[in-house]
Amino acid sequence: MVEQLQYTSDEMMSIAAARQLKDGQVCFIGIGLPSKAANLARRLHAPNLTMIYESGTLGAKPTVLPLSIGDGELAETADAVVSVPEIFNYLLQPGRIDVGFLGAAQIDKFANLNSTVIGDYKTPKVRLPGAGGAPEIAGACKDVIIMLRQSTKSFVDQIPFITSVGYGSGAQDRAKLGLRGGGPSIVITDLGILEPDPFTKELVLTQVHPNVEIATVVKNKTGWDLRVAEEIKVTEPPSKEELEAIRSLKSAGK
Amino acid sequence: MVEQLQYTSDEMMSIAAARQLKDGQVCFIGIGLPSKAANLARRLHAPNLTMIYESGTLGAKPTVLPLSIGDGELAETADAVVSVPEIFNYLLQPGRIDVGFLGAAQIDKFANLNSTVIGDYKTPKVRLPGAGGAPEIAGACKDVIIMLRQSTKSFVDQIPFITSVGYGSGAQDRAKLGLRGGGPSIVITDLGILEPDPFTKELVLTQVHPNVEIATVVKNKTGWDLRVAEEIKVTEPPSKEELEAIRSLKSAGK
Amino acid sequence: MAEIVSLQEGIRTLLNNGDTVALEGFTHLIPMAAGHEIIRQGFKNLTVVRLTPDLICDQLIGMGCVSKLVFSWGGNPGVGSLHRFRDAIENGWPSKLEIDEHSHAGLTNRFVAGASGLPFAVMRGYKGTGLEKYSPTVAPITCPFTGEELVAVAAVNPDLSVIHAQRADRKGNVQLWGITGIQKEAVLSGKKSLVTVEEIVDELKPHPGDVVLPSWLVTAVAEVPGGSKPSYAAGYYQRDNDFYIAWDEISRDKDRFLAWIEQNVLKGDG
Amino acid sequence: MAEIVSLQEGIRTLLNNGDTVALEGFTHLIPMAAGHEIIRQGFKNLTVVRLTPDLICDQLIGMGCVSKLVFSWGGNPGVGSLHRFRDAIENGWPSKLEIDEHSHAGLTNRFVAGASGLPFAVMRGYKGTGLEKYSPTVAPITCPFTGEELVAVAAVNPDLSVIHAQRADRKGNVQLWGITGIQKEAVLSGKKSLVTVEEIVDELKPHPGDVVLPSWLVTAVAEVPGGSKPSYAAGYYQRDNDFYIAWDEISRDKDRFLAWIEQNVLKGDG
């Protein structure tokens, strides 16, 4: 009998995201889930992953998960540290980055992201931190991976503010807007994986994590009428190696 | 009886230029006469002169006159070395430089300079090196000092190509062209000094070096009908200290 | 040439009520002590420009010094919200806060334009986002060669730019290294600049990755050891990540915030 | 990731007849050996982009490799004319040379735009000069915020950019220091890039003032000790100023020039 490993849905989410990264890729990552996933991948199957933090650290190799995108260890372990103008103008904008990792407060069915406000922009119910590097990461990276815990509050039919463009209102919008990166290829949640329909670019549930009911995701966890792929896969559960690696990741300041 | 010191007209020219520089100024200088004059000033009355070469060396303190604007000693003795984009975009363009030093092959009566071609642009008689940093030095520095040996070939009525703008066709042109620097305040030659008329900006002979005849400058050494100031001064001859300093300046590669 | 001043003197002589002031330092070398001095001297109606408002702006906003914030990411890095920033925007406490909001790339290019003596910079960005709609400092621009439409962002030229650096020499030449962020552009875009440093030394020894700002590009330098705590200064002290986490609790409640400022800023000199 | 190649292989596989090739290095670290290899392999119809054409372009032009030169200052620094460059423009020898001529600031910004993935850059310059009239890559542009008219210069994106640097490691990370000029922008604006280095080492030790180009930004690296002579490589060898002076005589006469090339470039490997 196979040993039943215990794990949390956040661990599953991070491991699923780490698996998306290929060795040798150059990734632009923010703090939190993306940083955890990328650092995990680097310890597993992608030792030559180049991690870029928007503070200007290229090829950082932190031993603990940084609390901020500018923790000292990122600079100390980097192949190079460049200025913030260089990061955005010379490296991100021209489309040199393979994978951009984004989180957000909210997402819509075309993978547009809101990290600016809940409610009206001028009189917000909740004022969120705002854009940071996200709009240009979403615009310029060859591929974008989105990580977001799934609920009807975060997966909504209409976001009040588009901070970062996924596919706008459909398949033609990125070209119309002059966005040269490929756009989001995948949305990884604590429940499963969504991918844009190749033609319409509407997000489709293509995978659920083990023990997650498709009906629950569709009915109770998504704020729009979520399409489900004809052949839906179940995520491979975390391996012992993956769980050991994720649990050995220590966080700065915690 | 005062000792009669011997000196060349080039020495007089360099010394006259050096005297124009004030201690503490920030100068943008090219190779040749400007570099010699600035290095001389730094050894005489302006020890805190900041010399900037367009190679990116800020505050260079060379012990020998460099052959090129990028000689190794300029970088080794600089306060900071910056990239070429920084030199032009961050330091020159915003008007941070007190004095720009320019030479050229030809000058006209409004202190416009030609260092591009003799003859027609498309089929030149003599192809000169071209603009380098000169157009933006002429445009942006608070003050511009021009150094040029005087003859009817170099001081001409009509230059075939405007490489760097002095005063265009007269007093209003710099403002019309959006040039924010002050424009040339002085032209130092091997024969004397010319300054723009405060109202018309036409160059006026205001000073001759010792033993130079005004009539010679006007009739034999200038290609236009040169105006002469009502009260013309005679340049103070080089002092012993000045001559010792200029003769102690060694040149790289010579 | 930069003048060597005390922090108190530098802020008093270089800043005015109603000024636009940039306080830069991207996670690293944040000029916290200068922010505290601004609070102590009671400045009002400031427009503060800063990519990542961070704790320094949370404190300035909570103390009513700021009428407008120009920014691109207003959170407590890795922790969550800036509660004073939120309270000002959501509830107008202690006063209404006007904002001009950008992406990092956009505000970065506004500094670059300012440092370059240009009225604007060109970039790819903003298209399709709400930012384009709300910011008056973003506009479309067409390439005269290709006809492609891009985005222009207006230059920012603060009345005063403040940064923190590791070292200066006695002539006022400034040296910083590690993550150097947007600090050079902040100083160069400012009409005046104040640099607080960990120490003033006789001679600046070259350091890998260093940025040197010659004295003639800086208005004033003040020696303020520990001047970026709880941020950090590479080579001097580490980031106090625990305090960033603790700030979440301190700042969540108005009274606790005010008490903390009273105890740690107004009574002290730090 | 950059591939480690021989110089011969690098030029052969990355360059094509008719390409636009940037050869950069501002006085320092000029990629002379790469220029010689281009001559040896007999490339034709190249558009060469270089701020200061220098001896490297004088040789390429004199050997008929170049049909167009994009440049901003075409002299022998501190010495005088580039005679092969002049002969090509004035007399069409060995063939007609088309030019697109700029100021340093202008060509610099063309590289900056190319490195930034933008079709153009904005600057103050050219106004009132003849350069504005003759270059097709300069155009007026109006600030959408202030209405001020400025100048746009078109991006340059060479098919291949070649630079020389002090060191690379075995992964192809490149390190250069001293006067670093426009080399970073040259590499980043290129569709492909070749970096010749003084030596390939196990580990790049940080050096004050260094620029590090991570391997993933570079196409190929070739170890070529002395690869920038008679230019120089800080930390390795000095500028051969005497040779720059001697070049004036060598290059003045066609036959002497051809004999020098035969002896020093075609017969040798340097």
# chains A, B, ... in the order shown; residues from 1 in each chain; ligands from 1

$ select_by_dssp --residues "range 46-120 of chain A" --states "strand (DSSP E or B)" --output "list in words"
Thr50, Met51, Ile52, Tyr53, Thr57, Leu58, Leu65, Ala80, Val81, Val99, Gly100, Phe101, Leu102, Gln106, Ile107, Leu113, Asn114, Val117, Ile118 and Gly119 of chain A

$ interface_residues --of "chain C" --to "chain B" --cutoff "8 Å" --atoms "only C-alpha atoms" --output "PyMOL selection string"
chain C and resi 115-118+188+212-214

$ write_last_selection --atoms "N, CA, C and O atoms" --output "PDB file, in the first residue's frame"
ATOM      1  N   ALA C 115      15.392  63.152 -14.239  1.00  0.00           N
ATOM      2  CA  ALA C 115      16.854  63.162 -14.125  1.00  0.00           C
ATOM      3  C   ALA C 115      17.511  63.565 -15.433  1.00  0.00           C
ATOM      4  O   ALA C 115      18.623  64.074 -15.442  1.00  0.00           O
ATOM      5  N   SER C 116      16.825  63.332 -16.550  1.00  0.00           N
ATOM      6  CA  SER C 116      17.384  63.579 -17.872  1.00  0.00           C
ATOM      7  C   SER C 116      17.077  64.977 -18.402  1.00  0.00           C
ATOM      8  O   SER C 116      17.454  65.295 -19.538  1.00  0.00           O
ATOM      9  N   GLY C 117      16.379  65.783 -17.632  1.00  0.00           N
ATOM     10  CA  GLY C 117      16.033  67.118 -18.126  1.00  0.00           C
ATOM     11  C   GLY C 117      15.051  67.084 -19.268  1.00  0.00           C
ATOM     12  O   GLY C 117      15.025  67.967 -20.115  1.00  0.00           O
ATOM     13  N   LEU C 118      14.208  66.058 -19.312  1.00  0.00           N
ATOM     14  CA  LEU C 118      13.182  65.937 -20.349  1.00  0.00           C
ATOM     15  C   LEU C 118      11.808  66.077 -19.716  1.00  0.00           C
ATOM     16  O   LEU C 118      11.624  65.705 -18.558  1.00  0.00           O
ATOM     17  N   LEU C 188      19.004  63.089  -8.986  1.00  0.00           N
ATOM     18  CA  LEU C 188      19.218  63.920 -10.177  1.00  0.00           C
ATOM     19  C   LEU C 188      17.947  64.617 -10.649  1.00  0.00           C
ATOM     20  O   LEU C 188      18.012  65.661 -11.297  1.00  0.00           O
ATOM     21  N   VAL C 212      28.530  56.161  -7.153  1.00  0.00           N
ATOM     22  CA  VAL C 212      29.120  57.344  -6.527  1.00  0.00           C
ATOM     23  C   VAL C 212      28.443  58.579  -7.114  1.00  0.00           C
ATOM     24  O   VAL C 212      28.350  58.733  -8.333  1.00  0.00           O
ATOM     25  N   LEU C 213      27.913  59.407  -6.238  1.00  0.00           N
ATOM     26  CA  LEU C 213      27.324  60.677  -6.653  1.00  0.00           C
ATOM     27  C   LEU C 213      28.318  61.772  -6.289  1.00  0.00           C
ATOM     28  O   LEU C 213      28.507  62.075  -5.109  1.00  0.00           O
ATOM     29  N   PRO C 214      28.967  62.356  -7.288  1.00  0.00           N
ATOM     30  CA  PRO C 214      29.931  63.424  -6.977  1.00  0.00           C
ATOM     31  C   PRO C 214      29.245  64.583  -6.252  1.00  0.00           C
ATOM     32  O   PRO C 214      28.063  64.868  -6.471  1.00  0.00           O
TER      33      PRO C 214
END

$ select_by_dssp --residues "range 17-149 of chain D" --states "alpha helix (DSSP H)" --output "short mmCIF file (atom, residue, chain, number, x, y, z; two decimals) with N, CA and C atoms, in the first residue's frame"
data_model
loop_
_atom_site.label_atom_id
_atom_site.label_comp_id
_atom_site.auth_asym_id
_atom_site.auth_seq_id
_atom_site.Cartn_x
_atom_site.Cartn_y
_atom_site.Cartn_z
N MET D 32 38.86 44.76 -31.31
CA MET D 32 39.70 44.79 -32.51
C MET D 32 39.87 43.41 -33.13
N ALA D 33 40.09 42.39 -32.30
CA ALA D 33 40.34 41.05 -32.83
C ALA D 33 39.11 40.55 -33.59
N ALA D 34 37.94 40.88 -33.09
CA ALA D 34 36.71 40.49 -33.79
C ALA D 34 36.63 41.19 -35.14
N GLY D 35 37.05 42.45 -35.18
CA GLY D 35 37.09 43.17 -36.45
C GLY D 35 38.04 42.48 -37.43
N HIS D 36 39.18 42.05 -36.94
CA HIS D 36 40.15 41.36 -37.80
C HIS D 36 39.57 40.04 -38.32
N GLU D 37 38.85 39.36 -37.47
CA GLU D 37 38.26 38.09 -37.90
C GLU D 37 37.20 38.34 -38.98
N ILE D 38 36.47 39.43 -38.87
CA ILE D 38 35.49 39.78 -39.92
C ILE D 38 36.22 40.03 -41.24
N ILE D 39 37.36 40.70 -41.16
CA ILE D 39 38.16 40.93 -42.38
C ILE D 39 38.64 39.59 -42.95
N ARG D 40 39.18 38.74 -42.09
CA ARG D 40 39.71 37.45 -42.57
C ARG D 40 38.63 36.61 -43.23
N ASP D 54 36.99 54.78 -35.30
CA ASP D 54 38.30 54.38 -34.80
C ASP D 54 39.03 53.48 -35.80
N LEU D 55 40.15 52.92 -35.39
CA LEU D 55 40.96 52.07 -36.26
C LEU D 55 40.21 50.83 -36.74
N ILE D 56 39.35 50.30 -35.89
CA ILE D 56 38.65 49.07 -36.25
C ILE D 56 37.80 49.28 -37.51
N CYS D 57 37.13 50.41 -37.59
CA CYS D 57 36.30 50.67 -38.76
C CYS D 57 37.15 51.11 -39.94
N ASP D 58 38.23 51.83 -39.67
CA ASP D 58 39.14 52.24 -40.75
C ASP D 58 39.61 50.99 -41.50
N GLN D 59 39.92 49.95 -40.73
CA GLN D 59 40.41 48.71 -41.34
C GLN D 59 39.30 47.98 -42.09
N LEU D 60 38.13 47.87 -41.47
CA LEU D 60 37.00 47.19 -42.13
C LEU D 60 36.59 47.92 -43.40
N ILE D 61 36.57 49.24 -43.34
CA ILE D 61 36.19 50.04 -44.51
C ILE D 61 37.24 49.88 -45.61
N GLY D 62 38.50 49.99 -45.22
CA GLY D 62 39.58 49.89 -46.20
C GLY D 62 39.63 48.53 -46.88
N HIS D 83 42.08 57.77 -42.30
CA HIS D 83 42.32 57.97 -43.74
C HIS D 83 41.52 57.03 -44.63
N ARG D 84 41.31 55.81 -44.20
CA ARG D 84 40.52 54.87 -45.01
C ARG D 84 39.05 55.30 -45.05
N PHE D 85 38.55 55.74 -43.90
CA PHE D 85 37.20 56.28 -43.79
C PHE D 85 37.05 57.50 -44.72
N ARG D 86 38.00 58.40 -44.67
CA ARG D 86 37.95 59.58 -45.54
C ARG D 86 38.04 59.18 -47.01
N ASP D 87 38.93 58.26 -47.32
CA ASP D 87 39.12 57.86 -48.71
C ASP D 87 37.82 57.25 -49.27
N ALA D 88 37.15 56.48 -48.45
CA ALA D 88 35.89 55.88 -48.89
C ALA D 88 34.83 56.96 -49.15
N ILE D 89 34.74 57.92 -48.25
CA ILE D 89 33.71 58.96 -48.42
C ILE D 89 34.11 59.95 -49.51
N GLU D 90 35.37 60.36 -49.49
CA GLU D 90 35.79 61.40 -50.44
C GLU D 90 36.00 60.85 -51.85
N ASN D 91 36.49 59.61 -51.95
CA ASN D 91 36.88 59.07 -53.26
C ASN D 91 36.23 57.74 -53.61
N HIS D 104 27.10 61.98 -30.59
CA HIS D 104 27.25 60.91 -29.59
C HIS D 104 25.95 60.71 -28.81
N ALA D 105 25.38 61.82 -28.36
CA ALA D 105 24.16 61.72 -27.56
C ALA D 105 23.05 61.05 -28.36
N GLY D 106 22.97 61.37 -29.64
CA GLY D 106 21.92 60.81 -30.48
C GLY D 106 22.11 59.32 -30.71
N LEU D 107 23.31 58.92 -31.09
CA LEU D 107 23.53 57.49 -31.35
C LEU D 107 23.43 56.69 -30.05
N THR D 108 23.90 57.31 -28.97
CA THR D 108 23.74 56.68 -27.65
C THR D 108 22.26 56.39 -27.38
N ASN D 109 21.42 57.37 -27.63
CA ASN D 109 20.00 57.16 -27.36
C ASN D 109 19.36 56.18 -28.34
N ARG D 110 19.92 56.05 -29.53
CA ARG D 110 19.43 55.02 -30.44
C ARG D 110 19.72 53.63 -29.86
N PHE D 111 20.90 53.46 -29.26
CA PHE D 111 21.21 52.20 -28.58
C PHE D 111 20.30 51.99 -27.36
N VAL D 112 20.09 53.06 -26.60
CA VAL D 112 19.24 52.95 -25.40
C VAL D 112 17.82 52.51 -25.80
N ALA D 113 17.29 53.11 -26.86
CA ALA D 113 15.95 52.71 -27.32
C ALA D 113 15.96 51.25 -27.76
N GLY D 114 16.99 50.88 -28.49
CA GLY D 114 17.09 49.48 -28.94
C GLY D 114 17.16 48.52 -27.77
N ALA D 115 17.94 48.87 -26.75
CA ALA D 115 18.07 48.02 -25.57
C ALA D 115 16.78 47.95 -24.77
N GLY D 130 23.07 70.66 -39.04
CA GLY D 130 22.91 69.96 -40.32
C GLY D 130 22.57 68.49 -40.14
N LEU D 131 22.91 67.95 -38.98
CA LEU D 131 22.66 66.52 -38.74
C LEU D 131 21.19 66.20 -38.87
N GLU D 132 20.37 67.09 -38.35
CA GLU D 132 18.92 66.91 -38.36
C GLU D 132 18.42 66.75 -39.80
N LYS D 133 19.04 67.50 -40.71
CA LYS D 133 18.60 67.54 -42.10
C LYS D 133 18.95 66.25 -42.83
N TYR D 134 20.12 65.69 -42.54
CA TYR D 134 20.61 64.58 -43.36
C TYR D 134 20.26 63.20 -42.81
#

$ residues_around --residues "Ala245 in chain B" --least-positions-apart "6" --cutoff "10 Å" --atoms "only C-alpha atoms" --output "mmCIF file with C-alpha atoms, in the first residue's frame"
data_model
loop_
_atom_site.group_PDB
_atom_site.id
_atom_site.type_symbol
_atom_site.label_atom_id
_atom_site.label_comp_id
_atom_site.auth_asym_id
_atom_site.auth_seq_id
_atom_site.Cartn_x
_atom_site.Cartn_y
_atom_site.Cartn_z
ATOM 1 C CA ILE B 15 47.011 79.967 -21.065
ATOM 2 C CA ASN B 39 44.561 70.564 -17.020
ATOM 3 C CA LEU B 40 46.634 73.725 -16.922
ATOM 4 C CA ALA B 41 43.966 75.614 -14.967
ATOM 5 C CA ARG B 43 47.515 73.036 -11.869
ATOM 6 C CA LEU B 44 47.313 76.809 -11.465
ATOM 7 C CA SER B 239 53.619 84.572 -16.420
#

$ interface_residues --of "chain D" --to "chain C" --cutoff "6 Å" --atoms "only C-alpha atoms" --output "PDB file with all heavy atoms, in the first residue's frame"
ATOM      1  N   PRO D 206      33.776  39.938  -7.778  1.00  0.00           N
ATOM      2  CA  PRO D 206      33.266  41.309  -7.921  1.00  0.00           C
ATOM      3  C   PRO D 206      34.410  42.317  -8.024  1.00  0.00           C
ATOM      4  O   PRO D 206      35.466  42.130  -7.405  1.00  0.00           O
ATOM      5  CB  PRO D 206      32.475  41.531  -6.628  1.00  0.00           C
ATOM      6  CG  PRO D 206      32.098  40.166  -6.169  1.00  0.00           C
ATOM      7  CD  PRO D 206      33.239  39.277  -6.569  1.00  0.00           C
ATOM      8  N   HIS D 207      34.217  43.334  -8.809  1.00  0.00           N
ATOM      9  CA  HIS D 207      35.254  44.354  -9.016  1.00  0.00           C
ATOM     10  C   HIS D 207      34.564  45.715  -8.989  1.00  0.00           C
ATOM     11  O   HIS D 207      33.509  45.875  -9.585  1.00  0.00           O
ATOM     12  CB  HIS D 207      35.914  44.113 -10.377  1.00  0.00           C
ATOM     13  CG  HIS D 207      37.164  44.908 -10.574  1.00  0.00           C
ATOM     14  ND1 HIS D 207      37.167  46.247 -10.848  1.00  0.00           N
ATOM     15  CD2 HIS D 207      38.463  44.537 -10.523  1.00  0.00           C
ATOM     16  CE1 HIS D 207      38.415  46.668 -10.950  1.00  0.00           C
ATOM     17  NE2 HIS D 207      39.224  45.653 -10.766  1.00  0.00           N
ATOM     18  N   PRO D 208      35.141  46.697  -8.282  1.00  0.00           N
ATOM     19  CA  PRO D 208      34.478  48.013  -8.260  1.00  0.00           C
ATOM     20  C   PRO D 208      34.227  48.528  -9.674  1.00  0.00           C
ATOM     21  O   PRO D 208      35.093  48.416 -10.540  1.00  0.00           O
ATOM     22  CB  PRO D 208      35.501  48.896  -7.528  1.00  0.00           C
ATOM     23  CG  PRO D 208      36.268  47.950  -6.673  1.00  0.00           C
ATOM     24  CD  PRO D 208      36.368  46.668  -7.468  1.00  0.00           C
TER      25      PRO D 208
END

$ atom_distance --atom1 "CA of Pro230 in chain C" --atom2 "CA of Ile30 in chain C"
8.6 Å

$ residues_around --residues "range 4-20 of chain D" --least-positions-apart "2" --cutoff "6 Å" --atoms "only C-alpha atoms" --output "list in words"
Phe43, Lys44, Asn45, Leu46, Thr47, Val48, Pro158, Asp159, Ala220, Val221 and Ala222 of chain D

$ residues_around --residues "Arg167 in chain C" --least-positions-apart "3" --cutoff "10 Å" --atoms "only C-alpha atoms" --output "PyMOL selection string"
chain C and resi 164+170+172-177+195-201+203-205+212+221+223+225

$ residues_around --residues "range 98-114 of chain A" --least-positions-apart "3" --cutoff "6 Å" --atoms "only C-alpha atoms" --output "ChimeraX atom specification"
/A:26-29,34,137,141-148,154-157,161-167,202-203

$ write_last_selection --atoms "C-alpha atoms" --output "PDB file, in the first residue's frame"
ATOM      1  CA  VAL A  26      14.376  33.256 -16.410  1.00  0.00           C
ATOM      2  CA  CYS A  27      11.584  34.210 -14.006  1.00  0.00           C
ATOM      3  CA  PHE A  28      10.386  37.541 -12.716  1.00  0.00           C
ATOM      4  CA  ILE A  29       8.900  36.933  -9.293  1.00  0.00           C
ATOM      5  CA  PRO A  34       5.429  33.152  -6.420  1.00  0.00           C
ATOM      6  CA  ILE A 137       5.070  41.870 -16.109  1.00  0.00           C
ATOM      7  CA  CYS A 141       6.815  38.346 -20.215  1.00  0.00           C
ATOM      8  CA  LYS A 142       6.789  35.505 -22.732  1.00  0.00           C
ATOM      9  CA  ASP A 143       4.582  33.551 -20.349  1.00  0.00           C
ATOM     10  CA  VAL A 144       2.632  34.552 -17.248  1.00  0.00           C
ATOM     11  CA  ILE A 145       1.715  32.233 -14.383  1.00  0.00           C
ATOM     12  CA  ILE A 146      -0.982  33.443 -12.007  1.00  0.00           C
ATOM     13  CA  MET A 147      -1.351  32.158  -8.454  1.00  0.00           C
ATOM     14  CA  LEU A 148      -4.495  32.985  -6.520  1.00  0.00           C
ATOM     15  CA  SER A 154     -11.392  36.528  -5.668  1.00  0.00           C
ATOM     16  CA  PHE A 155     -12.763  34.928  -8.856  1.00  0.00           C
ATOM     17  CA  VAL A 156     -15.323  37.509  -9.889  1.00  0.00           C
ATOM     18  CA  ASP A 157     -17.426  38.216 -12.930  1.00  0.00           C
ATOM     19  CA  PHE A 161     -10.223  47.899 -11.609  1.00  0.00           C
ATOM     20  CA  ILE A 162      -7.925  46.312 -14.177  1.00  0.00           C
ATOM     21  CA  THR A 163      -4.440  46.551 -12.715  1.00  0.00           C
ATOM     22  CA  SER A 164      -2.891  44.013 -15.089  1.00  0.00           C
ATOM     23  CA  VAL A 165      -4.287  42.849 -18.399  1.00  0.00           C
ATOM     24  CA  GLY A 166      -4.702  39.148 -19.047  1.00  0.00           C
ATOM     25  CA  TYR A 167      -6.777  38.935 -22.207  1.00  0.00           C
ATOM     26  CA  GLU A 202     -11.785  32.471 -21.441  1.00  0.00           C
ATOM     27  CA  LEU A 203     -10.446  30.576 -18.451  1.00  0.00           C
TER      28      LEU A 203
END

$ residues_around --residues "range 66-77 of chain A" --least-positions-apart "5" --cutoff "9 Å" --atoms "only C-alpha atoms" --output "MDAnalysis selection string"
(chainID A and resid 29:32 35 53:61 250:254) or (chainID C and resid 26:28 76:79 178:179 232:234 238:239 241)

$ decode --residues "range 6-21 of chain B" --atoms "N, CA, C and O atoms" --output "PDB file, in the first residue's frame"
ATOM      1  N   GLN B   6      59.848  84.133 -23.413  1.00  0.00           N
ATOM      2  CA  GLN B   6      59.524  83.659 -24.748  1.00  0.00           C
ATOM      3  C   GLN B   6      58.406  82.623 -24.660  1.00  0.00           C
ATOM      4  O   GLN B   6      58.387  81.805 -23.746  1.00  0.00           O
ATOM      5  N   TYR B   7      57.488  82.673 -25.610  1.00  0.00           N
ATOM      6  CA  TYR B   7      56.413  81.662 -25.622  1.00  0.00           C
ATOM      7  C   TYR B   7      55.841  81.594 -27.034  1.00  0.00           C
ATOM      8  O   TYR B   7      56.000  82.520 -27.832  1.00  0.00           O
ATOM      9  N   THR B   8      55.151  80.497 -27.324  1.00  0.00           N
ATOM     10  CA  THR B   8      54.538  80.327 -28.642  1.00  0.00           C
ATOM     11  C   THR B   8      53.100  80.841 -28.601  1.00  0.00           C
ATOM     12  O   THR B   8      52.517  81.028 -27.525  1.00  0.00           O
ATOM     13  N   SER B   9      52.542  81.034 -29.793  1.00  0.00           N
ATOM     14  CA  SER B   9      51.153  81.515 -29.832  1.00  0.00           C
ATOM     15  C   SER B   9      50.188  80.442 -29.314  1.00  0.00           C
ATOM     16  O   SER B   9      49.150  80.756 -28.738  1.00  0.00           O
ATOM     17  N   ASP B  10      50.546  79.176 -29.497  1.00  0.00           N
ATOM     18  CA  ASP B  10      49.711  78.109 -28.932  1.00  0.00           C
ATOM     19  C   ASP B  10      49.753  78.126 -27.406  1.00  0.00           C
ATOM     20  O   ASP B  10      48.743  77.887 -26.742  1.00  0.00           O
ATOM     21  N   GLU B  11      50.910  78.413 -26.857  1.00  0.00           N
ATOM     22  CA  GLU B  11      51.005  78.512 -25.395  1.00  0.00           C
ATOM     23  C   GLU B  11      50.151  79.675 -24.891  1.00  0.00           C
ATOM     24  O   GLU B  11      49.420  79.543 -23.912  1.00  0.00           O
ATOM     25  N   MET B  12      50.234  80.785 -25.573  1.00  0.00           N
ATOM     26  CA  MET B  12      49.420  81.951 -25.193  1.00  0.00           C
ATOM     27  C   MET B  12      47.934  81.600 -25.228  1.00  0.00           C
ATOM     28  O   MET B  12      47.164  81.955 -24.327  1.00  0.00           O
ATOM     29  N   MET B  13      47.554  80.867 -26.264  1.00  0.00           N
ATOM     30  CA  MET B  13      46.154  80.483 -26.447  1.00  0.00           C
ATOM     31  C   MET B  13      45.675  79.572 -25.313  1.00  0.00           C
ATOM     32  O   MET B  13      44.607  79.786 -24.727  1.00  0.00           O
ATOM     33  N   SER B  14      46.474  78.574 -24.981  1.00  0.00           N
ATOM     34  CA  SER B  14      46.093  77.644 -23.904  1.00  0.00           C
ATOM     35  C   SER B  14      46.025  78.363 -22.564  1.00  0.00           C
ATOM     36  O   SER B  14      45.123  78.107 -21.753  1.00  0.00           O
ATOM     37  N   ILE B  15      46.980  79.245 -22.342  1.00  0.00           N
ATOM     38  CA  ILE B  15      47.011  79.967 -21.065  1.00  0.00           C
ATOM     39  C   ILE B  15      45.820  80.925 -20.968  1.00  0.00           C
ATOM     40  O   ILE B  15      45.171  81.031 -19.926  1.00  0.00           O
ATOM     41  N   ALA B  16      45.503  81.588 -22.059  1.00  0.00           N
ATOM     42  CA  ALA B  16      44.334  82.487 -22.057  1.00  0.00           C
ATOM     43  C   ALA B  16      43.056  81.705 -21.762  1.00  0.00           C
ATOM     44  O   ALA B  16      42.161  82.180 -21.052  1.00  0.00           O
ATOM     45  N   ALA B  17      42.978  80.503 -22.306  1.00  0.00           N
ATOM     46  CA  ALA B  17      41.794  79.675 -22.053  1.00  0.00           C
ATOM     47  C   ALA B  17      41.759  79.208 -20.606  1.00  0.00           C
ATOM     48  O   ALA B  17      40.715  79.246 -19.948  1.00  0.00           O
ATOM     49  N   ALA B  18      42.904  78.781 -20.105  1.00  0.00           N
ATOM     50  CA  ALA B  18      42.967  78.310 -18.716  1.00  0.00           C
ATOM     51  C   ALA B  18      42.497  79.403 -17.761  1.00  0.00           C
ATOM     52  O   ALA B  18      41.792  79.130 -16.784  1.00  0.00           O
ATOM     53  N   ARG B  19      42.855  80.639 -18.061  1.00  0.00           N
ATOM     54  CA  ARG B  19      42.479  81.751 -17.178  1.00  0.00           C
ATOM     55  C   ARG B  19      40.962  81.952 -17.102  1.00  0.00           C
ATOM     56  O   ARG B  19      40.459  82.562 -16.165  1.00  0.00           O
ATOM     57  N   GLN B  20      40.265  81.483 -18.112  1.00  0.00           N
ATOM     58  CA  GLN B  20      38.806  81.638 -18.119  1.00  0.00           C
ATOM     59  C   GLN B  20      38.111  80.749 -17.095  1.00  0.00           C
ATOM     60  O   GLN B  20      36.959  80.982 -16.732  1.00  0.00           O
ATOM     61  N   LEU B  21      38.781  79.689 -16.706  1.00  0.00           N
ATOM     62  CA  LEU B  21      38.134  78.714 -15.817  1.00  0.00           C
ATOM     63  C   LEU B  21      38.253  79.143 -14.372  1.00  0.00           C
ATOM     64  O   LEU B  21      39.312  79.575 -13.935  1.00  0.00           O
TER      65      LEU B  21
END
